[in-house]
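Student: Just query_10.csv, nothing more (CSV, C-alpha atoms and all ligand atoms):
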chain,number,residue,atom,x,y,z
A,13,MET,CA,-59.5,-7.6,27.7
A,14,SER,CA,-55.9,-8.5,26.9
A,15,THR,CA,-53.2,-8.0,29.6
A,16,PRO,CA,-50.2,-6.0,28.3
A,17,VAL,CA,-46.9,-7.8,28.4
A,18,VAL,CA,-43.5,-6.1,28.3
A,19,VAL,CA,-40.4,-8.1,27.7
A,20,VAL,CA,-37.1,-6.7,29.1
A,21,THR,CA,-34.1,-7.9,27.3
A,22,GLY,CA,-30.4,-6.9,27.2
A,23,TYR,CA,-26.9,-8.4,27.5
A,24,LEU,CA,-25.5,-10.1,30.6
A,25,GLY,CA,-25.5,-7.7,33.5
A,26,ALA,CA,-26.9,-4.8,31.4
A,27,GLY,CA,-29.3,-3.7,34.2
A,28,LYS,CA,-32.6,-5.6,33.5
A,29,THR,CA,-33.4,-6.5,37.1
A,30,THR,CA,-32.5,-3.0,38.2
A,31,LEU,CA,-34.9,-1.6,35.6
A,32,ILE,CA,-37.7,-3.9,36.6
A,33,ASN,CA,-37.3,-3.0,40.3
A,34,ALA,CA,-37.5,0.7,39.3
A,35,LEU,CA,-40.7,0.0,37.4
A,36,LEU,CA,-42.2,-1.9,40.3
A,37,ALA,CA,-41.2,0.9,42.8
A,38,ASP,CA,-42.9,3.5,40.6
A,39,ALA,CA,-45.9,1.4,39.7
A,40,ASP,CA,-48.3,4.0,41.0
A,41,GLY,CA,-51.0,1.5,42.0
A,42,ARG,CA,-50.7,-0.8,39.0
A,43,HIS,CA,-50.5,-4.4,39.8
A,44,ILE,CA,-47.4,-5.6,37.9
A,45,ALA,CA,-46.5,-9.3,37.9
A,46,ALA,CA,-43.0,-10.3,36.9
A,47,ILE,CA,-41.6,-13.5,35.2
A,48,VAL,CA,-37.9,-13.7,35.7
A,49,ASN,CA,-35.7,-16.0,33.6
A,50,ASP,CA,-32.2,-16.9,34.6
A,51,PHE,CA,-30.3,-19.3,32.5
A,52,GLY,CA,-28.8,-20.9,35.6
A,53,ALA,CA,-30.7,-23.0,38.2
A,54,ILE,CA,-29.9,-20.5,41.0
A,55,ASN,CA,-32.3,-17.6,40.2
A,56,ILE,CA,-30.7,-14.6,42.0
A,57,ASP,CA,-32.7,-12.1,40.0
A,58,GLU,CA,-36.0,-13.6,41.2
A,59,GLU,CA,-34.9,-13.1,44.8
A,60,LEU,CA,-33.9,-9.5,44.1
A,61,ILE,CA,-37.3,-8.8,42.5
A,62,ARG,CA,-39.2,-10.5,45.3
A,63,THR,CA,-38.2,-7.7,47.6
A,64,SER,CA,-40.4,-5.4,45.4
A,65,THR,CA,-43.4,-7.6,44.7
A,66,ASP,CA,-44.9,-10.9,45.7
A,67,SER,CA,-46.1,-11.4,42.1
A,68,VAL,CA,-42.9,-12.9,40.8
A,69,ILE,CA,-42.4,-16.3,39.2
A,70,GLY,CA,-38.9,-17.5,38.4
A,71,LEU,CA,-38.1,-19.6,35.3
A,72,ALA,CA,-34.6,-21.0,35.8
A,73,ASN,CA,-32.1,-23.3,34.1
A,74,GLY,CA,-32.9,-22.5,30.5
A,75,CYS,CA,-33.8,-19.6,28.2
A,76,VAL,CA,-37.3,-18.4,27.6
A,77,CYS,CA,-36.5,-17.6,24.0
A,78,CYS,CA,-35.9,-21.3,23.2
A,79,THR,CA,-35.8,-24.2,25.8
A,80,LEU,CA,-38.3,-22.7,28.2
A,81,GLN,CA,-40.9,-21.3,25.7
A,82,GLY,CA,-43.5,-23.9,26.9
A,83,ASP,CA,-42.9,-23.0,30.6
A,84,LEU,CA,-43.2,-19.3,29.7
A,85,LEU,CA,-46.7,-19.9,28.2
A,86,ARG,CA,-47.8,-22.0,31.1
A,87,THR,CA,-46.6,-19.4,33.6
A,88,LEU,CA,-48.4,-16.6,31.7
A,89,LYS,CA,-51.6,-18.6,31.8
A,90,LEU,CA,-51.2,-19.2,35.6
A,91,LEU,CA,-50.8,-15.5,36.2
A,92,LEU,CA,-53.7,-14.6,34.0
A,93,ALA,CA,-55.9,-17.1,35.9
A,94,ARG,CA,-55.3,-15.3,39.2
A,95,THR,CA,-58.1,-13.2,40.7
A,96,PRO,CA,-57.7,-10.4,40.1
A,97,PRO,CA,-55.3,-10.8,37.2
A,98,PRO,CA,-52.3,-8.5,37.0
A,99,ASP,CA,-52.7,-5.2,35.2
A,100,HIS,CA,-49.3,-5.8,33.5
A,101,ILE,CA,-46.9,-8.6,33.1
A,102,VAL,CA,-43.2,-7.9,32.8
A,103,ILE,CA,-40.9,-10.7,31.5
A,104,GLU,CA,-37.2,-10.4,32.3
A,105,ALA,CA,-35.3,-12.4,29.7
A,106,SER,CA,-32.0,-14.0,30.5
A,107,GLY,CA,-28.9,-12.1,29.4
A,108,ILE,CA,-28.3,-14.7,26.6
A,109,ALA,CA,-31.9,-14.6,25.3
A,110,ASP,CA,-32.9,-13.5,21.8
A,111,PRO,CA,-36.1,-11.6,22.2
A,112,SER,CA,-37.4,-12.6,18.8
A,113,GLY,CA,-37.8,-16.1,20.2
A,114,ILE,CA,-40.0,-14.7,23.0
A,115,ALA,CA,-42.0,-12.6,20.6
A,116,HIS,CA,-42.5,-15.7,18.5
A,117,ALA,CA,-43.8,-17.7,21.5
A,118,LEU,CA,-46.2,-14.9,22.5
A,119,ALA,CA,-47.5,-14.5,19.0
A,120,ASP,CA,-49.8,-17.5,19.6
A,121,PRO,CA,-53.2,-16.2,18.5
A,122,VAL,CA,-55.2,-17.8,21.3
A,123,LEU,CA,-52.8,-16.4,24.0
A,124,TRP,CA,-52.9,-13.0,22.3
A,125,LYS,CA,-56.5,-12.6,23.2
A,126,THR,CA,-55.6,-12.6,26.9
A,127,ALA,CA,-52.0,-11.4,26.9
A,128,ARG,CA,-50.6,-9.2,24.2
A,129,LEU,CA,-47.0,-8.2,23.7
A,130,ASP,CA,-46.9,-4.4,23.9
A,131,ALA,CA,-43.2,-3.6,24.0
A,132,VAL,CA,-39.7,-5.1,24.0
A,133,VAL,CA,-37.4,-2.9,26.1
A,134,CYS,CA,-33.7,-3.5,25.5
A,135,VAL,CA,-31.4,-2.4,28.3
A,136,VAL,CA,-28.0,-1.3,27.0
A,137,ASP,CA,-25.0,-1.0,29.3
A,138,ALA,CA,-23.6,2.3,28.1
A,139,GLU,CA,-20.3,1.8,30.0
A,140,ASP,CA,-19.8,-1.6,28.4
A,141,VAL,CA,-20.7,-0.6,24.9
A,142,THR,CA,-18.4,2.4,24.9
A,143,GLN,CA,-15.5,0.5,26.5
A,144,THR,CA,-15.7,-2.9,24.8
A,145,SER,CA,-14.7,-2.5,21.2
A,146,GLU,CA,-16.2,-5.8,20.0
A,147,ARG,CA,-19.6,-5.4,21.6
A,148,ARG,CA,-21.3,-3.7,18.7
A,149,ALA,CA,-20.4,-6.6,16.4
A,150,ASP,CA,-21.7,-9.2,18.9
A,151,THR,CA,-24.5,-11.0,17.2
A,152,LEU,CA,-26.4,-11.7,20.5
A,153,TRP,CA,-26.2,-8.0,21.5
A,154,ARG,CA,-27.3,-7.0,18.0
A,155,ALA,CA,-30.3,-9.4,18.1
A,156,GLN,CA,-31.4,-8.1,21.4
A,157,LEU,CA,-31.3,-4.5,20.1
A,158,ALA,CA,-32.9,-5.4,16.8
A,159,GLY,CA,-36.2,-6.4,18.3
A,160,ALA,CA,-36.5,-3.4,20.7
A,161,SER,CA,-39.4,-1.0,20.8
A,162,PHE,CA,-37.5,1.1,23.5
A,163,VAL,CA,-33.9,1.2,24.5
A,164,VAL,CA,-33.0,2.0,28.1
A,165,LEU,CA,-29.4,3.1,28.6
A,166,SER,CA,-27.9,2.1,31.9
A,167,LYS,CA,-24.7,3.2,33.6
A,168,THR,CA,-24.3,6.5,31.8
A,169,SER,CA,-23.3,8.5,34.9
A,170,GLY,CA,-19.6,8.0,34.5
A,171,LEU,CA,-19.6,9.0,30.8
A,172,GLU,CA,-19.3,12.4,29.2
A,173,ALA,CA,-22.5,13.9,27.9
A,174,ALA,CA,-21.1,13.9,24.3
A,175,ALA,CA,-20.4,10.1,24.5
A,176,VAL,CA,-23.9,9.4,25.7
A,177,ALA,CA,-25.3,11.6,22.8
A,178,GLN,CA,-23.1,9.8,20.3
A,179,LEU,CA,-24.3,6.4,21.6
A,180,THR,CA,-27.9,7.5,21.5
A,181,SER,CA,-27.7,8.5,17.9
A,182,ALA,CA,-25.9,5.2,17.0
A,183,LEU,CA,-28.5,3.1,18.7
A,184,SER,CA,-31.5,5.1,17.4
A,185,PRO,CA,-30.5,6.6,14.0
A,186,ASN,CA,-33.8,8.3,13.2
A,187,GLY,CA,-35.0,8.7,16.8
A,188,LYS,CA,-36.4,5.1,16.6
A,189,PRO,CA,-36.5,3.2,18.9
A,190,PRO,CA,-36.8,5.9,21.5
A,191,VAL,CA,-33.8,5.9,23.9
A,192,ILE,CA,-34.3,6.6,27.6
A,193,ASP,CA,-31.3,7.3,29.9
A,194,ALA,CA,-32.1,5.5,33.1
A,195,ASP,CA,-29.2,7.1,35.0
A,196,SER,CA,-30.2,10.7,34.4
A,197,GLU,CA,-34.0,10.8,33.7
A,198,ARG,CA,-37.0,9.5,35.5
A,199,LEU,CA,-38.3,6.4,33.9
A,200,PRO,CA,-41.4,7.2,31.7
A,201,ILE,CA,-43.5,4.4,33.3
A,202,ASP,CA,-46.6,5.3,31.3
A,203,LEU,CA,-44.7,5.1,28.1
A,204,LEU,CA,-43.0,1.8,28.9
A,205,LEU,CA,-46.1,0.1,30.2
A,206,ASP,CA,-49.0,1.7,28.5
A,207,ALA,CA,-47.9,2.1,24.9
A,208,PRO,CA,-49.6,-0.6,22.9
A,209,ALA,CA,-47.6,-1.9,19.9
A,210,PRO,CA,-48.9,-1.0,16.5
A,211,PRO,CA,-50.9,-3.9,15.0
A,212,GLY,CA,-48.6,-6.5,13.5
A,213,ARG,CA,-45.5,-5.3,15.2
A,214,PHE,CA,-44.8,-8.5,17.1
A,215,THR,CA,-47.0,-11.0,15.2
A,216,ALA,CA,-44.2,-12.7,13.3
A,217,THR,CA,-44.9,-16.3,12.7
A,218,GLU,CA,-41.7,-17.4,10.9
A,219,THR,CA,-39.5,-20.0,12.7
A,220,VAL,CA,-36.9,-18.4,14.8
A,221,ALA,CA,-33.4,-19.8,14.6
A,222,PRO,CA,-32.3,-21.2,18.0
A,223,HIS,CA,-29.4,-19.1,19.4
A,224,ARG,CA,-26.1,-20.8,20.2
A,225,GLN,CA,-26.5,-22.6,23.5
A,226,ASP,CA,-22.9,-23.4,23.7
A,227,ARG,CA,-21.4,-19.9,23.5
A,228,PHE,CA,-21.5,-19.4,27.3
A,229,THR,CA,-20.7,-21.7,30.1
A,230,LYS,CA,-21.8,-21.3,33.7
A,231,LEU,CA,-20.8,-22.4,37.2
A,232,GLU,CA,-23.4,-22.6,39.8
A,233,TRP,CA,-21.7,-22.8,43.1
A,234,ARG,CA,-23.1,-23.3,46.6
A,235,SER,CA,-21.5,-23.6,50.0
A,236,ASP,CA,-23.2,-24.3,53.4
A,237,GLY,CA,-20.8,-22.0,55.2
A,238,ALA,CA,-19.4,-18.5,54.9
A,239,ILE,CA,-16.5,-17.5,52.6
A,240,VAL,CA,-13.4,-15.5,53.6
A,241,LEU,CA,-13.5,-12.1,51.8
A,242,SER,CA,-9.8,-12.0,50.9
A,243,ALA,CA,-10.0,-15.6,49.5
A,244,LEU,CA,-13.1,-14.5,47.4
A,245,GLN,CA,-11.2,-11.4,46.2
A,246,GLY,CA,-8.3,-13.7,45.2
A,247,VAL,CA,-10.6,-15.9,43.2
A,248,ILE,CA,-12.2,-12.9,41.5
A,249,ALA,CA,-8.8,-11.4,40.6
A,250,GLU,CA,-7.6,-14.7,39.2
A,251,PHE,CA,-10.7,-15.2,36.9
A,252,ALA,CA,-11.5,-11.5,36.2
A,253,ALA,CA,-10.5,-11.9,32.5
A,254,SER,CA,-12.7,-14.9,31.8
A,255,VAL,CA,-15.8,-14.2,33.9
A,256,VAL,CA,-18.3,-12.0,32.0
A,257,ARG,CA,-21.0,-12.0,34.7
A,258,ALA,CA,-21.2,-13.2,38.3
A,259,LYS,CA,-23.9,-12.6,40.9
A,260,GLY,CA,-24.5,-14.2,44.2
A,261,ILE,CA,-25.8,-14.0,47.7
A,262,LEU,CA,-23.0,-14.7,50.1
A,263,HIS,CA,-22.2,-14.8,53.8
A,264,LEU,CA,-18.7,-13.6,54.7
A,265,ALA,CA,-16.7,-15.2,57.5
A,266,GLU,CA,-15.9,-11.7,58.7
A,267,ARG,CA,-19.6,-10.6,58.8
A,268,PRO,CA,-21.6,-13.9,59.2
A,269,ASP,CA,-24.7,-12.0,60.5
A,270,ARG,CA,-25.5,-10.4,57.2
A,271,ALA,CA,-25.9,-11.6,53.7
A,272,HIS,CA,-24.0,-9.7,51.0
A,273,LEU,CA,-24.9,-9.3,47.3
A,274,LEU,CA,-22.0,-9.8,44.9
A,275,GLN,CA,-22.3,-8.3,41.4
A,276,LEU,CA,-19.7,-8.6,38.7
A,277,VAL,CA,-20.2,-7.2,35.2
A,278,GLY,CA,-17.0,-7.1,33.1
A,279,GLN,CA,-14.4,-5.4,35.3
A,280,ARG,CA,-16.9,-3.8,37.7
A,281,VAL,CA,-17.4,-5.7,41.0
A,282,THR,CA,-19.6,-4.7,43.9
A,283,LEU,CA,-20.2,-6.4,47.2
A,284,GLU,CA,-23.0,-4.9,49.3
A,285,PRO,CA,-24.7,-5.9,52.5
A,286,MET,CA,-28.3,-6.9,52.0
A,287,ALA,CA,-31.4,-6.2,54.1
A,288,GLY,CA,-33.5,-9.0,55.5
A,289,ARG,CA,-32.8,-12.7,56.1
A,290,HIS,CA,-31.4,-14.9,53.4
A,291,GLU,CA,-30.6,-18.6,53.1
A,292,PRO,CA,-27.3,-19.2,55.0
A,293,GLY,CA,-24.1,-20.0,53.2
A,294,CYS,CA,-23.3,-18.9,49.7
A,295,ARG,CA,-25.0,-19.1,46.3
A,296,LEU,CA,-23.1,-17.9,43.3
A,297,VAL,CA,-23.6,-18.0,39.5
A,298,LEU,CA,-20.6,-17.3,37.3
A,299,ILE,CA,-20.9,-17.0,33.5
A,300,GLY,CA,-18.2,-16.8,30.9
A,301,GLU,CA,-17.4,-17.6,27.3
A,302,ALA,CA,-17.2,-21.4,27.1
A,303,ALA,CA,-13.9,-21.1,25.2
A,304,ARG,CA,-12.2,-19.1,28.0
A,305,LEU,CA,-13.7,-20.0,31.3
A,306,ASP,CA,-12.4,-23.1,33.1
A,307,THR,CA,-15.3,-23.9,35.4
A,308,THR,CA,-13.6,-26.9,37.0
A,309,LYS,CA,-10.6,-24.8,38.1
A,310,LEU,CA,-13.0,-22.0,39.2
A,311,ALA,CA,-15.0,-24.4,41.4
A,312,GLU,CA,-11.8,-25.8,43.0
A,313,ARG,CA,-10.7,-22.2,43.9
A,314,LEU,CA,-14.1,-21.4,45.3
A,315,ASP,CA,-14.2,-24.6,47.3
A,316,ALA,CA,-10.8,-23.7,48.8
A,317,ALA,CA,-12.1,-20.2,49.7
A,318,ALA,CA,-15.1,-21.8,51.4
A,319,GLU,CA,-12.8,-24.2,53.3
A,320,ALA,CA,-10.8,-21.1,54.5
A,321,GLY,CA,-14.2,-19.8,55.6
A,322,HIS,CA,-15.0,-22.9,57.7
A,323,THR,CA,-11.6,-22.6,59.4
A,324,ALA,CA,-12.1,-18.9,60.1
A,325,THR,CA,-15.6,-19.5,61.4
A,326,ALA,CA,-14.4,-22.3,63.7
A,327,SER,CA,-11.6,-20.2,65.1
A,328,LEU,CA,-14.0,-17.3,65.7
A,329,ALA,CA,-16.4,-19.7,67.5
A,330,ARG,CA,-13.4,-20.9,69.7
A,331,SER,CA,-12.4,-17.3,70.6
A,332,HIS,CA,-16.0,-16.3,71.3
A,333,PRO,CA,-17.6,-19.5,72.7
A,334,SER,CA,-20.9,-17.8,73.5
A,335,ALA,CA,-21.4,-16.3,70.0
A,401,LIG,N1,-24.4,2.8,38.0
A,401,LIG,C1,-25.4,2.0,37.5
A,401,LIG,N2,-25.4,0.7,37.8
A,401,LIG,C2,-26.3,-0.1,37.3
A,401,LIG,C3,-27.4,0.5,36.5
A,401,LIG,N3,-28.2,-0.6,36.2
A,401,LIG,C4,-27.7,-1.7,36.7
A,401,LIG,N4,-26.6,-1.4,37.4
A,401,LIG,C5,-25.7,-2.3,38.1
A,401,LIG,O1,-25.2,-3.4,37.2
A,401,LIG,C6,-25.2,-4.6,37.9
A,401,LIG,C7,-26.1,-5.6,37.1
A,401,LIG,O2,-27.4,-5.1,37.2
A,401,LIG,P1,-28.7,-6.1,37.0
A,401,LIG,O3,-29.9,-5.3,37.0
A,401,LIG,O4,-28.6,-7.3,37.9
A,401,LIG,O5,-28.4,-6.6,35.5
A,401,LIG,P2,-29.2,-7.8,34.7
A,401,LIG,O6,-29.2,-7.3,33.3
A,401,LIG,O7,-30.5,-8.1,35.4
A,401,LIG,O8,-28.2,-9.0,34.8
A,401,LIG,P3,-28.4,-10.5,34.3
A,401,LIG,O9,-29.8,-10.9,34.5
A,401,LIG,O10,-27.4,-11.3,35.0
A,401,LIG,O11,-28.1,-10.5,32.8
A,401,LIG,C8,-25.7,-4.4,39.3
A,401,LIG,O12,-24.5,-4.2,40.1
A,401,LIG,C9,-26.4,-3.1,39.2
A,401,LIG,O13,-26.4,-2.4,40.4
A,401,LIG,C10,-27.4,1.9,36.2
A,401,LIG,O14,-28.2,2.4,35.5
A,401,LIG,N5,-26.4,2.6,36.8
Rewrite the coordinates I just gave you, this time as C-alpha cells.
Ligand SMILES: Nc1nc2c(ncn2[C@@H]2O[C@H](COP(=O)(O)OP(=O)(O)OP(=O)(O)O)[C@@H](O)[C@H]2O)c(=O)[nH]1
Tutor:
Amino acid sequence: MSTPVVVVTGYLGAGKTTLINALLADADGRHIAAIVNDFGAINIDEELIRTSTDSVIGLANGCVCCTLQGDLLRTLKLLLARTPPPDHIVIEASGIADPSGIAHALADPVLWKTARLDAVVCVVDAEDVTQTSERRADTLWRAQLAGASFVVLSKTSGLEAAAVAQLTSALSPNGKPPVIDADSERLPIDLLLDAPAPPGRFTATETVAPHRQDRFTKLEWRSDGAIVLSALQGVIAEFAASVVRAKGILHLAERPDRAHLLQLVGQRVTLEPMAGRHEPGCRLVLIGEAARLDTTKLAERLDAAAEAGHTATASLARSHPSA
C-alpha cells in the first residue's frame, strides 16, 4: 500500500503554510504528516504548522527541489517507517522551489511503491498576480504553475469577482488544472488529498535543470532581546521596496510578555500576537532579489532596532523594579 504524497508549491508568501494548516484543521480523522521546507535556516513555517500537528518535520537551509533532495527522501522514509504510518504526507516546498525537481526526486521507482506523488498543488497569490505586472513573466512563478495538478487561489477577498474570474480562466484555460478559490470556498479536502494522479503523470525521469540559486538573497537575523515597534516599523519602511518576503517571531519591547508573528509579502505587512510560549527574543527571515537587497545594511538597521529594545527594556525594568 503506497502512501499518497501531495506537494504544495507556490511563490514566496503565496499562502502555502496557510493552506496546509487549513488542510490539517479539516483533516476529518486522517493522519496527515507534513514536511516543511524553508530555504533559510530559521524555519518559521515549521513552527506555525506544529501548532496544528505533531507530525511535522522541517527541512531548512536549502531547497527540496535541488540541494535537499536526499534529505527529502530520507525524511519520507522516516515518516513511512513510523507505526502507524501517516495516511497522507504533505510536502511544503520553499517559495523558490521548482516542483519539477521534487517530482523528479519522488519518481524513484523503489520509493514509489511506498510513497506515490498524487498531486502538486500550486498556491497563487491572486492579489500579487493582479497587481504585479511582471509576475506572469517570472520564470520561477511559471515553473511552479506548470507542474500543478490543482491551483489554489489565495487572497481573493479584496478583488472584484470579474478580476478573479479573469485570473481563473488565464490560469486554467480549458478548466485544467482545476482552480479553487481558498478565500471564498471551503477547501475540497477529498479532492486535494484523495485524487490519485493518472499513471505516468509524475514519473518523468529526465534530468531537471537546477534553478538559479543566486536570484534571491536572505538575511536570517536573531536577537536575544525584544525590539522596539517604532524602530522595526522604520526598518520595514526603509527596506519595503527591496524585501519580497519577511516572516518572523518577535518580542516587542512594548509587549514583552507575548510573541508576535510578523508577515510581509510585497507591500502587505501584518504583526499579530501569537498564542502559546515561544523562544524569547526575535527570529526573522528576510528575502529579496539579490540584485536589490543590501543584507549588510539591513542587518545593521535591525541590530540598531534591537539595541533600542535593550535600552527600552532596561528603562522599563528600572521604572517597574518588581516586573
Ligand atoms: N487574506 C488572505 N491572506 C492570506 C491567505 N493565504 C495566506 N495569507 C497571508 O499571506 C501571508 C503569507 O502566508 P503563508 O501561508 O505564510 O505563505 P507561504 O507561501 O507559506 O510563505 P513562504 O513559505 O514564505 O513562501 C500570511 O500573512 C498569511 O496570513 C488568504 O487566502 N487570504
Student: Let me see if you get this right: every residue at most 8 Å from ligand LIG 401 (chain A), counting all atoms listed in the file, written as an mmCIF file with C-alpha atoms, in the frame of the given file.
Tutor:
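Result file follows (result_26.cif):
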data_model
loop_
_atom_site.group_PDB
_atom_site.id
_atom_site.type_symbol
_atom_site.label_atom_id
_atom_site.label_comp_id
_atom_site.auth_asym_id
_atom_site.auth_seq_id
_atom_site.Cartn_x
_atom_site.Cartn_y
_atom_site.Cartn_z
ATOM 1 C CA THR A 21 -34.100 -7.900 27.300
ATOM 2 C CA GLY A 22 -30.400 -6.900 27.200
ATOM 3 C CA TYR A 23 -26.900 -8.400 27.500
ATOM 4 C CA LEU A 24 -25.500 -10.100 30.600
ATOM 5 C CA GLY A 25 -25.500 -7.700 33.500
ATOM 6 C CA ALA A 26 -26.900 -4.800 31.400
ATOM 7 C CA GLY A 27 -29.300 -3.700 34.200
ATOM 8 C CA LYS A 28 -32.600 -5.600 33.500
ATOM 9 C CA THR A 29 -33.400 -6.500 37.100
ATOM 10 C CA THR A 30 -32.500 -3.000 38.200
ATOM 11 C CA LEU A 31 -34.900 -1.600 35.600
ATOM 12 C CA ILE A 32 -37.700 -3.900 36.600
ATOM 13 C CA ASN A 49 -35.700 -16.000 33.600
ATOM 14 C CA ASP A 50 -32.200 -16.900 34.600
ATOM 15 C CA ASP A 57 -32.700 -12.100 40.000
ATOM 16 C CA GLU A 104 -37.200 -10.400 32.300
ATOM 17 C CA ALA A 105 -35.300 -12.400 29.700
ATOM 18 C CA SER A 106 -32.000 -14.000 30.500
ATOM 19 C CA GLY A 107 -28.900 -12.100 29.400
ATOM 20 C CA ILE A 108 -28.300 -14.700 26.600
ATOM 21 C CA VAL A 135 -31.400 -2.400 28.300
ATOM 22 C CA ASP A 137 -25.000 -1.000 29.300
ATOM 23 C CA LEU A 165 -29.400 3.100 28.600
ATOM 24 C CA SER A 166 -27.900 2.100 31.900
ATOM 25 C CA LYS A 167 -24.700 3.200 33.600
ATOM 26 C CA THR A 168 -24.300 6.500 31.800
ATOM 27 C CA SER A 169 -23.300 8.500 34.900
ATOM 28 C CA GLY A 170 -19.600 8.000 34.500
ATOM 29 C CA ALA A 194 -32.100 5.500 33.100
ATOM 30 C CA ASP A 195 -29.200 7.100 35.000
ATOM 31 C CA ARG A 257 -21.000 -12.000 34.700
ATOM 32 C CA ALA A 258 -21.200 -13.200 38.300
ATOM 33 C CA LYS A 259 -23.900 -12.600 40.900
ATOM 34 C CA LEU A 274 -22.000 -9.800 44.900
ATOM 35 C CA GLN A 275 -22.300 -8.300 41.400
ATOM 36 C CA LEU A 276 -19.700 -8.600 38.700
ATOM 37 C CA VAL A 277 -20.200 -7.200 35.200
ATOM 38 C CA ARG A 280 -16.900 -3.800 37.700
ATOM 39 C CA VAL A 281 -17.400 -5.700 41.000
ATOM 40 C CA THR A 282 -19.600 -4.700 43.900
#
Student: Please report the interatomic distance between atom CA of A:Ala109 and atom CA of A:Lys309 in Å with one decimal.
Tutor: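 So the two atoms, atom CA of A:Ala109 and atom CA of A:Lys309, lie 26.9 Å apart.
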Student: Counting only C-alpha atoms, which of A:Lys188, A:Arg147, A:His116, A:Arg128 gets nearest to A:Gly82?
Tutor: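 Using only C-alpha atoms, A:Gly82 sits closest to A:His116.
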Student: With distances taken over all atoms listed in the file, which residue among A:Ala46, A:Phe214, A:Arg94, A:Val136 lies nearest A:Ala119?
Tutor: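 Smallest separation from A:Ala119 among the options: A:Phe214.
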Student: Using only C-alpha atoms, which residues sit within 7 Å of stretch 314-318 of chain A once same-chain residues fewer than 4 positions away are excluded, as a ChimeraX atom specification?
Tutor: /A:235,237-240,243-244,247,310,322
Student: May I ask which of the residues A:Thr142, A:Thr79, A:Arg148, A:Glu197 is the closest one to A:Glu172, counting only C-alpha atoms?
Tutor: A:Thr142
Student: Tell me which protein, DNA and RNA residues are within 7 Å of A:Asn73, counting all atoms listed in the file, leaving out same-chain ones fewer than 5 positions away, and put them as a compact mmCIF listing (two decimals) with C-alpha atoms, keeping the file's coordinate frame.
Tutor:
# COMPACT_ATOMS: atom_id res chain seq x y z
CA ASP A 50 -32.20 -16.90 34.60
CA PHE A 51 -30.30 -19.30 32.50
CA GLY A 52 -28.80 -20.90 35.60
CA ALA A 53 -30.70 -23.00 38.20
